[in-house]
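Below is the file structure28.pdb, which contains PDB, C-alpha atoms.
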```pdb
ATOM      1  CA  MET A   1     -90.968-152.242   3.410
ATOM      2  CA  ALA A   2     -93.594-154.910   2.919
ATOM      3  CA  THR A   3     -97.185-154.056   2.172
ATOM      4  CA  VAL A   4     -99.646-155.366   4.725
ATOM      5  CA  LYS A   5    -103.385-155.464   4.374
ATOM      6  CA  ILE A   6    -105.439-154.694   7.475
ATOM      7  CA  ASP A   7    -109.171-154.672   7.879
ATOM      8  CA  SER A   8    -110.533-151.112   8.343
ATOM      9  CA  ALA A   9    -112.589-152.360  11.320
ATOM     10  CA  VAL A  10    -109.306-152.986  13.186
ATOM     11  CA  LEU A  11    -108.161-149.413  12.474
ATOM     12  CA  ASN A  12    -111.546-148.108  13.662
ATOM     13  CA  ASP A  13    -111.199-150.119  16.895
ATOM     14  CA  ILE A  14    -107.688-148.701  17.470
ATOM     15  CA  ALA A  15    -108.901-145.133  16.806
ATOM     16  CA  ASP A  16    -111.874-145.642  19.170
ATOM     17  CA  GLU A  17    -109.542-146.805  21.964
ATOM     18  CA  ILE A  18    -107.262-143.792  21.414
ATOM     19  CA  ARG A  19    -110.249-141.420  21.596
ATOM     20  CA  ASP A  20    -111.552-143.182  24.712
ATOM     21  CA  LYS A  21    -108.191-143.043  26.531
ATOM     22  CA  LEU A  22    -107.530-139.405  25.573
ATOM     23  CA  ASP A  23    -111.189-138.378  26.003
ATOM     24  CA  VAL A  24    -111.235-136.630  22.605
ATOM     25  CA  GLU A  25    -113.312-136.857  19.376
ATOM     26  CA  THR A  26    -110.392-136.565  16.945
ATOM     27  CA  VAL A  27    -110.503-138.482  13.642
ATOM     28  CA  TYR A  28    -107.126-140.197  13.051
ATOM     29  CA  LYS A  29    -105.288-141.251   9.933
ATOM     30  CA  PRO A  30    -103.300-144.459  10.424
ATOM     31  CA  SER A  31    -100.056-142.395  10.279
ATOM     32  CA  GLN A  32    -101.280-140.239  13.240
ATOM     33  CA  MET A  33    -102.132-143.166  15.478
ATOM     34  CA  PRO A  34     -98.600-143.985  16.806
ATOM     35  CA  ALA A  35     -98.107-140.413  18.165
ATOM     36  CA  ALA A  36    -101.591-140.432  19.694
ATOM     37  CA  ILE A  37    -100.923-143.787  21.351
ATOM     38  CA  ALA A  38     -97.591-142.489  22.735
ATOM     39  CA  SER A  39     -99.407-139.548  24.361
ATOM     40  CA  ILE A  40    -101.649-141.840  26.406
ATOM     41  CA  SER A  41    -100.583-141.738  30.080
ATOM     42  CA  VAL A  42    -100.145-145.099  31.734
ATOM     43  CA  TYR A  43    -100.968-143.549  35.111
ATOM     44  CA  PRO A  44    -103.838-141.201  35.763
ATOM     45  CA  GLU A  45    -102.927-137.547  36.297
ATOM     46  CA  PRO A  46    -102.460-136.905  40.050
ATOM     47  CA  THR A  47    -105.312-134.961  41.601
ATOM     48  CA  GLY A  48    -106.345-133.856  45.046
ATOM     49  CA  SER A  49    -104.343-133.736  48.221
ATOM     50  CA  ILE A  50    -103.453-136.170  50.966
ATOM     51  CA  ASN A  51    -102.874-135.324  54.629
ATOM     52  CA  ILE A  52    -100.105-137.278  56.333
ATOM     53  CA  SER A  53    -100.024-137.164  60.136
ATOM     54  CA  THR A  54     -97.906-140.161  61.102
ATOM     55  CA  ASN A  55     -94.369-141.263  60.344
ATOM     56  CA  GLY A  56     -93.970-144.033  57.823
ATOM     57  CA  THR A  57     -94.085-144.610  54.063
ATOM     58  CA  THR A  58     -97.063-143.200  52.178
ATOM     59  CA  ASP A  59     -97.788-143.687  48.461
ATOM     60  CA  VAL A  60     -98.485-140.210  47.071
ATOM     61  CA  LYS A  61     -98.317-140.848  43.304
ATOM     62  CA  ASP A  62    -102.088-140.416  42.872
ATOM     63  CA  TYR A  63    -102.120-137.016  44.605
ATOM     64  CA  ALA A  64    -101.119-133.596  43.309
ATOM     65  CA  SER A  65     -99.916-132.548  46.765
ATOM     66  CA  ALA A  66     -99.222-133.917  50.221
ATOM     67  CA  VAL A  67     -99.681-132.011  53.469
ATOM     68  CA  VAL A  68     -97.346-133.399  56.112
ATOM     69  CA  ASN A  69     -98.198-132.586  59.713
ATOM     70  CA  VAL A  70     -96.532-135.170  61.931
ATOM     71  CA  PRO A  71     -96.577-134.021  65.564
ATOM     72  CA  ASN A  72     -93.437-134.351  67.643
ATOM     73  CA  SER A  73     -93.708-137.184  70.097
ATOM     74  CA  TYR A  74     -91.244-137.341  72.930
ATOM     75  CA  ALA A  75     -90.510-140.180  75.296
ATOM     76  CA  SER A  76     -89.941-139.745  79.019
ATOM     77  CA  GLY A  77     -86.225-140.333  78.355
ATOM     78  CA  ASP A  78     -86.142-137.134  76.263
ATOM     79  CA  GLU A  79     -86.752-134.935  79.326
ATOM     80  CA  GLY A  80     -84.158-132.153  79.469
ATOM     81  CA  LYS A  81     -82.734-132.817  76.001
ATOM     82  CA  VAL A  82     -82.075-129.918  73.647
ATOM     83  CA  VAL A  83     -82.161-129.575  69.854
ATOM     84  CA  SER A  84     -78.662-129.214  68.393
ATOM     85  CA  ASN A  85     -77.977-129.313  64.638
ATOM     86  CA  GLY A  86     -81.477-130.633  64.030
ATOM     87  CA  GLU A  87     -81.108-133.521  66.488
ATOM     88  CA  LEU A  88     -82.450-134.021  70.007
ATOM     89  CA  VAL A  89     -79.380-134.492  72.246
ATOM     90  CA  ALA A  90     -78.795-134.912  75.965
ATOM     91  CA  GLN A  91     -77.385-131.968  77.846
ATOM     92  CA  SER A  92     -74.054-132.497  79.564
ATOM     93  CA  SER A  93     -71.964-130.945  82.282
ATOM     94  CA  THR A  94     -69.037-128.700  81.411
ATOM     95  CA  THR A  95     -66.199-127.229  83.448
ATOM     96  CA  LYS A  96     -64.809-123.779  82.749
ATOM     97  CA  ASN A  97     -61.360-122.892  84.071
ATOM     98  CA  ALA A  98     -61.066-119.313  82.872
ATOM     99  CA  ASN A  99     -63.176-116.198  83.067
ATOM    100  CA  GLY A 100     -65.179-115.513  79.928
ATOM    101  CA  THR A 101     -68.567-115.821  78.246
ATOM    102  CA  TYR A 102     -69.622-119.300  77.196
ATOM    103  CA  ASP A 103     -72.553-120.758  75.241
ATOM    104  CA  THR A 104     -74.206-123.205  77.628
ATOM    105  CA  THR A 105     -77.064-124.272  75.328
ATOM    106  CA  LEU A 106     -76.015-127.920  75.496
ATOM    107  CA  ASN A 107     -75.210-127.901  79.199
ATOM    108  CA  ASP A 108     -77.552-128.538  82.078
ATOM    109  CA  GLU A 109     -74.759-127.821  84.556
ATOM    110  CA  VAL A 110     -71.721-125.550  84.459
ATOM    111  CA  VAL A 111     -68.879-126.071  86.931
ATOM    112  CA  ILE A 112     -66.826-122.936  87.504
ATOM    113  CA  ASN A 113     -63.238-123.650  88.458
ATOM    114  CA  VAL A 114     -61.383-120.380  87.926
ATOM    115  CA  PRO A 115     -58.137-120.549  89.904
ATOM    116  CA  ASN A 116     -57.067-117.663  92.129
ATOM    117  CA  SER A 117     -54.249-115.773  90.546
ATOM    118  CA  TYR A 118     -52.848-113.829  93.477
ATOM    119  CA  VAL A 119     -49.236-112.748  93.622
ATOM    120  CA  ALA A 120     -47.000-112.089  96.624
ATOM    121  CA  ALA A 121     -47.730-108.352  96.385
ATOM    122  CA  ASP A 122     -51.413-109.092  97.135
ATOM    123  CA  GLU A 123     -50.567-110.373 100.621
ATOM    124  CA  GLY A 124     -52.768-108.669 103.228
ATOM    125  CA  LYS A 125     -55.068-107.001 100.686
ATOM    126  CA  VAL A 126     -58.804-107.162 101.164
ATOM    127  CA  VAL A 127     -61.743-107.145  98.740
ATOM    128  CA  SER A 128     -63.603-103.852  98.932
ATOM    129  CA  SER A 129     -66.352-102.825  96.462
ATOM    130  CA  GLY A 130     -65.439-105.759  94.253
ATOM    131  CA  ALA A 131     -61.751-104.925  94.027
ATOM    132  CA  LEU A 132     -58.654-106.124  95.845
ATOM    133  CA  VAL A 133     -57.267-103.160  97.849
ATOM    134  CA  ALA A 134     -54.430-102.622 100.284
ATOM    135  CA  GLN A 135     -55.373-102.237 103.902
ATOM    136  CA  THR A 136     -54.546 -98.942 105.565
ATOM    137  CA  SER A 137     -54.027 -97.672 109.073
ATOM    138  CA  VAL A 138     -56.733 -95.551 110.676
ATOM    139  CA  THR A 139     -56.813 -93.439 113.829
ATOM    140  CA  LYS A 140     -60.013 -93.023 115.826
ATOM    141  CA  THR A 141     -60.350 -90.255 118.421
ATOM    142  CA  ALA A 142     -63.838 -90.928 119.735
ATOM    143  CA  ASN A 143     -65.581 -93.851 121.280
ATOM    144  CA  GLY A 144     -67.747 -95.764 118.846
ATOM    145  CA  THR A 145     -68.068 -98.807 116.652
ATOM    146  CA  TYR A 146     -66.157 -98.720 113.413
ATOM    147  CA  THR A 147     -65.929-100.991 110.408
ATOM    148  CA  THR A 148     -62.312-101.940 109.950
ATOM    149  CA  ILE A 149     -62.534-104.243 106.943
ATOM    150  CA  THR A 150     -59.993-102.251 104.936
ATOM    151  CA  ASN A 151     -57.758-101.468 107.895
ATOM    152  CA  ASN A 152     -54.913-103.630 109.034
ATOM    153  CA  GLU A 153     -54.276-101.407 112.074
ATOM    154  CA  VAL A 154     -56.541 -99.274 114.252
ATOM    155  CA  VAL A 155     -54.952 -96.690 116.530
ATOM    156  CA  VAL A 156     -57.147 -95.601 119.459
ATOM    157  CA  ALA A 157     -56.279 -92.066 120.590
ATOM    158  CA  ILE A 158     -59.028 -90.861 122.912
ATOM    159  CA  PRO A 159     -57.960 -87.808 124.931
ATOM    160  CA  GLU A 160     -58.095 -88.132 128.710
ATOM    161  CA  ALA A 161     -60.842 -86.243 130.489
ATOM    162  CA  SER A 162     -59.365 -83.338 132.428
ATOM    163  CA  GLY A 163     -59.334 -83.760 136.209
ATOM    164  CA  GLU A 164     -61.690 -86.602 136.493
ATOM    165  CA  GLU A 165     -60.660 -89.857 137.975
ATOM    166  CA  PHE A 166     -62.369 -93.108 137.553
TER
END
```
Take the structure I supplied and represent it as structure tokens, if you would.
Amino acid sequence: MATVKIDSAVLNDIADEIRDKLDVETVYKPSQMPAAIASISVYPEPTGSINISTNGTTDVKDYASAVVNVPNSYASGDEGKVVSNGELVAQSSTTKNANGTYDTTLNDEVVINVPNSYVAADEGKVVSSGALVAQTSVTKTANGTYTTITNNEVVVAIPEASGEEF
């Protein structure tokens, strides 16, 4: 390695700059100066906090933290939409053709189209208390008004009054 002569004033200037940049009072030997120079940060240490309240690109390198509080803003075309998988989506109509329990979160309308599943043996049956029941015959022996929803035949058997003619 070649020997180079350098004025001590130059070394003092370099040491002064190192101390100024690192804000220290250290006395350096020329062999310590390269490591001290390498420890000088090109950018200042981030400090403080920034509040971000609008969408866009924000330079945050000079801040130690960023508080992001961007309010949701909806357009009139978003009316009735629902959040699904983190996205705002339009609700749609769905048709269900079988009995069951369905998640209708994404639907603003549900069309029920459950077909009747009656068999020939159900002919003449009537719905009573929520069930399909066979109609029966009933006999009534007094005047009155009767509900005959579950009866397919009503027999009226009122005894004749004895001796009276009308």
The PyMOL selection byres ((chain A and resi 112) around 7) resolved against shown file, as a PyMOL selection string: chain A and resi 95-97+110-111+113-114
Store the residues of this selection in a file with C-alpha atoms, as a compact mmCIF listing (two decimals), in the frame of the given file.
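out_1.txt written:
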```txt
# COMPACT_ATOMS: atom_id res chain seq x y z
CA THR A 95 -66.20 -127.23 83.45
CA LYS A 96 -64.81 -123.78 82.75
CA ASN A 97 -61.36 -122.89 84.07
CA VAL A 110 -71.72 -125.55 84.46
CA VAL A 111 -68.88 -126.07 86.93
CA ASN A 113 -63.24 -123.65 88.46
CA VAL A 114 -61.38 -120.38 87.93
```
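Here, the PyMOL selection byres ((chain A and resi 109) around 7) matches Ser92, Ser93, Thr94, Asn107, Asp108, Val110 and Val111 of chain A.
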Any chance you could resolve the PyMOL selection byres ((chain A and resi 131-142) around 12) against this file and give the residues as a PDB file with C-alpha atoms, in the coordinates of the input?
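Full text of selection_35.pdb as output:
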```
ATOM      1  CA  SER A 117     -54.249-115.773  90.546  1.00  0.00           C
ATOM      2  CA  TYR A 118     -52.848-113.829  93.477  1.00  0.00           C
ATOM      3  CA  VAL A 119     -49.236-112.748  93.622  1.00  0.00           C
ATOM      4  CA  ALA A 121     -47.730-108.352  96.385  1.00  0.00           C
ATOM      5  CA  ASP A 122     -51.413-109.092  97.135  1.00  0.00           C
ATOM      6  CA  GLU A 123     -50.567-110.373 100.621  1.00  0.00           C
ATOM      7  CA  GLY A 124     -52.768-108.669 103.228  1.00  0.00           C
ATOM      8  CA  LYS A 125     -55.068-107.001 100.686  1.00  0.00           C
ATOM      9  CA  VAL A 126     -58.804-107.162 101.164  1.00  0.00           C
ATOM     10  CA  VAL A 127     -61.743-107.145  98.740  1.00  0.00           C
ATOM     11  CA  SER A 128     -63.603-103.852  98.932  1.00  0.00           C
ATOM     12  CA  SER A 129     -66.352-102.825  96.462  1.00  0.00           C
ATOM     13  CA  GLY A 130     -65.439-105.759  94.253  1.00  0.00           C
ATOM     14  CA  ASN A 143     -65.581 -93.851 121.280  1.00  0.00           C
ATOM     15  CA  GLY A 144     -67.747 -95.764 118.846  1.00  0.00           C
ATOM     16  CA  THR A 145     -68.068 -98.807 116.652  1.00  0.00           C
ATOM     17  CA  TYR A 146     -66.157 -98.720 113.413  1.00  0.00           C
ATOM     18  CA  THR A 147     -65.929-100.991 110.408  1.00  0.00           C
ATOM     19  CA  THR A 148     -62.312-101.940 109.950  1.00  0.00           C
ATOM     20  CA  ILE A 149     -62.534-104.243 106.943  1.00  0.00           C
ATOM     21  CA  THR A 150     -59.993-102.251 104.936  1.00  0.00           C
ATOM     22  CA  ASN A 151     -57.758-101.468 107.895  1.00  0.00           C
ATOM     23  CA  ASN A 152     -54.913-103.630 109.034  1.00  0.00           C
ATOM     24  CA  GLU A 153     -54.276-101.407 112.074  1.00  0.00           C
ATOM     25  CA  VAL A 154     -56.541 -99.274 114.252  1.00  0.00           C
ATOM     26  CA  VAL A 155     -54.952 -96.690 116.530  1.00  0.00           C
ATOM     27  CA  VAL A 156     -57.147 -95.601 119.459  1.00  0.00           C
ATOM     28  CA  ALA A 157     -56.279 -92.066 120.590  1.00  0.00           C
ATOM     29  CA  ILE A 158     -59.028 -90.861 122.912  1.00  0.00           C
ATOM     30  CA  PRO A 159     -57.960 -87.808 124.931  1.00  0.00           C
ATOM     31  CA  GLU A 160     -58.095 -88.132 128.710  1.00  0.00           C
TER      32      GLU A 160
END
```
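For the pair atom CA of Tyr63 of chain A and atom CA of Gly48 of chain A, the separation is 5.3 Å.
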Mind checking which residues fall within 9 Å of segment 72-78 of chain A, counting all atoms listed in the file, ignoring those fewer than 5 positions away in the same chain, and posting them as a compact mmCIF listing (two decimals) with C-alpha atoms, in the coordinates of the input?
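Okay, this is what ended up in part.txt:
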```
# COMPACT_ATOMS: atom_id res chain seq x y z
CA LEU A 88 -82.45 -134.02 70.01
CA VAL A 89 -79.38 -134.49 72.25
CA ALA A 90 -78.80 -134.91 75.96
```
Please rebuild segment 65-76 of chain A with all heavy atoms and give the result as a PDB file, keeping the file's coordinate frame.
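Saved as result_34.pdb:
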```
ATOM      1  N   SER A  65    -100.691-133.116  45.667  1.00  0.00           N
ATOM      2  CA  SER A  65     -99.916-132.548  46.765  1.00  0.00           C
ATOM      3  C   SER A  65    -100.104-133.389  48.015  1.00  0.00           C
ATOM      4  O   SER A  65    -101.059-134.148  48.133  1.00  0.00           O
ATOM      5  CB  SER A  65    -100.350-131.099  47.041  1.00  0.00           C
ATOM      6  OG  SER A  65    -101.679-131.069  47.519  1.00  0.00           O
ATOM      7  N   ALA A  66     -99.157-133.217  48.939  1.00  0.00           N
ATOM      8  CA  ALA A  66     -99.222-133.917  50.221  1.00  0.00           C
ATOM      9  C   ALA A  66     -98.961-132.911  51.324  1.00  0.00           C
ATOM     10  O   ALA A  66     -97.992-132.163  51.274  1.00  0.00           O
ATOM     11  CB  ALA A  66     -98.196-135.044  50.284  1.00  0.00           C
ATOM     12  N   VAL A  67     -99.850-132.871  52.306  1.00  0.00           N
ATOM     13  CA  VAL A  67     -99.681-132.011  53.469  1.00  0.00           C
ATOM     14  C   VAL A  67     -99.165-132.888  54.597  1.00  0.00           C
ATOM     15  O   VAL A  67     -99.833-133.837  55.004  1.00  0.00           O
ATOM     16  CB  VAL A  67    -101.021-131.342  53.871  1.00  0.00           C
ATOM     17  CG1 VAL A  67    -100.836-130.523  55.130  1.00  0.00           C
ATOM     18  CG2 VAL A  67    -101.558-130.502  52.731  1.00  0.00           C
ATOM     19  N   VAL A  68     -97.961-132.589  55.062  1.00  0.00           N
ATOM     20  CA  VAL A  68     -97.346-133.399  56.112  1.00  0.00           C
ATOM     21  C   VAL A  68     -97.415-132.627  57.418  1.00  0.00           C
ATOM     22  O   VAL A  68     -96.929-131.509  57.512  1.00  0.00           O
ATOM     23  CB  VAL A  68     -95.886-133.738  55.763  1.00  0.00           C
ATOM     24  CG1 VAL A  68     -95.250-134.557  56.876  1.00  0.00           C
ATOM     25  CG2 VAL A  68     -95.818-134.476  54.434  1.00  0.00           C
ATOM     26  N   ASN A  69     -98.060-133.205  58.400  1.00  0.00           N
ATOM     27  CA  ASN A  69     -98.198-132.586  59.713  1.00  0.00           C
ATOM     28  C   ASN A  69     -98.046-133.673  60.769  1.00  0.00           C
ATOM     29  O   ASN A  69     -99.021-134.106  61.386  1.00  0.00           O
ATOM     30  CB  ASN A  69     -99.551-131.878  59.837  1.00  0.00           C
ATOM     31  CG  ASN A  69     -99.660-131.099  61.124  1.00  0.00           C
ATOM     32  OD1 ASN A  69     -98.666-130.831  61.782  1.00  0.00           O
ATOM     33  ND2 ASN A  69    -100.870-130.755  61.502  1.00  0.00           N
ATOM     34  N   VAL A  70     -96.815-134.119  60.958  1.00  0.00           N
ATOM     35  CA  VAL A  70     -96.532-135.170  61.931  1.00  0.00           C
ATOM     36  C   VAL A  70     -96.128-134.499  63.240  1.00  0.00           C
ATOM     37  O   VAL A  70     -95.137-133.784  63.294  1.00  0.00           O
ATOM     38  CB  VAL A  70     -95.405-136.102  61.443  1.00  0.00           C
ATOM     39  CG1 VAL A  70     -95.100-137.170  62.476  1.00  0.00           C
ATOM     40  CG2 VAL A  70     -95.786-136.724  60.109  1.00  0.00           C
ATOM     41  N   PRO A  71     -96.919-134.674  64.293  1.00  0.00           N
ATOM     42  CA  PRO A  71     -96.577-134.021  65.564  1.00  0.00           C
ATOM     43  C   PRO A  71     -95.336-134.655  66.179  1.00  0.00           C
ATOM     44  O   PRO A  71     -95.061-135.834  65.971  1.00  0.00           O
ATOM     45  CB  PRO A  71     -97.809-134.282  66.440  1.00  0.00           C
ATOM     46  CG  PRO A  71     -98.431-135.515  65.870  1.00  0.00           C
ATOM     47  CD  PRO A  71     -98.123-135.502  64.393  1.00  0.00           C
ATOM     48  N   ASN A  72     -94.582-133.827  66.902  1.00  0.00           N
ATOM     49  CA  ASN A  72     -93.437-134.351  67.643  1.00  0.00           C
ATOM     50  C   ASN A  72     -93.958-135.219  68.775  1.00  0.00           C
ATOM     51  O   ASN A  72     -94.923-134.872  69.443  1.00  0.00           O
ATOM     52  CB  ASN A  72     -92.606-133.208  68.238  1.00  0.00           C
ATOM     53  CG  ASN A  72     -91.879-132.432  67.167  1.00  0.00           C
ATOM     54  OD1 ASN A  72     -91.497-132.991  66.156  1.00  0.00           O
ATOM     55  ND2 ASN A  72     -91.701-131.149  67.379  1.00  0.00           N
ATOM     56  N   SER A  73     -93.328-136.335  68.972  1.00  0.00           N
ATOM     57  CA  SER A  73     -93.708-137.184  70.097  1.00  0.00           C
ATOM     58  C   SER A  73     -92.427-137.514  70.857  1.00  0.00           C
ATOM     59  O   SER A  73     -91.474-138.018  70.284  1.00  0.00           O
ATOM     60  CB  SER A  73     -94.400-138.455  69.610  1.00  0.00           C
ATOM     61  OG  SER A  73     -93.585-139.151  68.712  1.00  0.00           O
ATOM     62  N   TYR A  74     -92.435-137.168  72.107  1.00  0.00           N
ATOM     63  CA  TYR A  74     -91.244-137.341  72.930  1.00  0.00           C
ATOM     64  C   TYR A  74     -91.495-138.423  73.970  1.00  0.00           C
ATOM     65  O   TYR A  74     -92.589-138.557  74.497  1.00  0.00           O
ATOM     66  CB  TYR A  74     -90.887-136.030  73.634  1.00  0.00           C
ATOM     67  CG  TYR A  74     -90.660-134.898  72.656  1.00  0.00           C
ATOM     68  CD1 TYR A  74     -91.569-133.858  72.541  1.00  0.00           C
ATOM     69  CD2 TYR A  74     -89.548-134.880  71.835  1.00  0.00           C
ATOM     70  CE1 TYR A  74     -91.372-132.836  71.636  1.00  0.00           C
ATOM     71  CE2 TYR A  74     -89.337-133.865  70.933  1.00  0.00           C
ATOM     72  CZ  TYR A  74     -90.253-132.842  70.833  1.00  0.00           C
ATOM     73  OH  TYR A  74     -90.050-131.839  69.939  1.00  0.00           O
ATOM     74  N   ALA A  75     -90.441-139.146  74.276  1.00  0.00           N
ATOM     75  CA  ALA A  75     -90.510-140.180  75.296  1.00  0.00           C
ATOM     76  C   ALA A  75     -90.043-139.588  76.620  1.00  0.00           C
ATOM     77  O   ALA A  75     -89.394-138.538  76.656  1.00  0.00           O
ATOM     78  CB  ALA A  75     -89.615-141.356  74.907  1.00  0.00           C
ATOM     79  N   SER A  76     -90.353-140.254  77.709  1.00  0.00           N
ATOM     80  CA  SER A  76     -89.941-139.745  79.019  1.00  0.00           C
ATOM     81  C   SER A  76     -88.420-139.617  79.115  1.00  0.00           C
ATOM     82  O   SER A  76     -87.915-138.767  79.819  1.00  0.00           O
ATOM     83  CB  SER A  76     -90.474-140.643  80.134  1.00  0.00           C
ATOM     84  OG  SER A  76     -89.950-141.956  79.995  1.00  0.00           O
TER      85      SER A  76
END
```
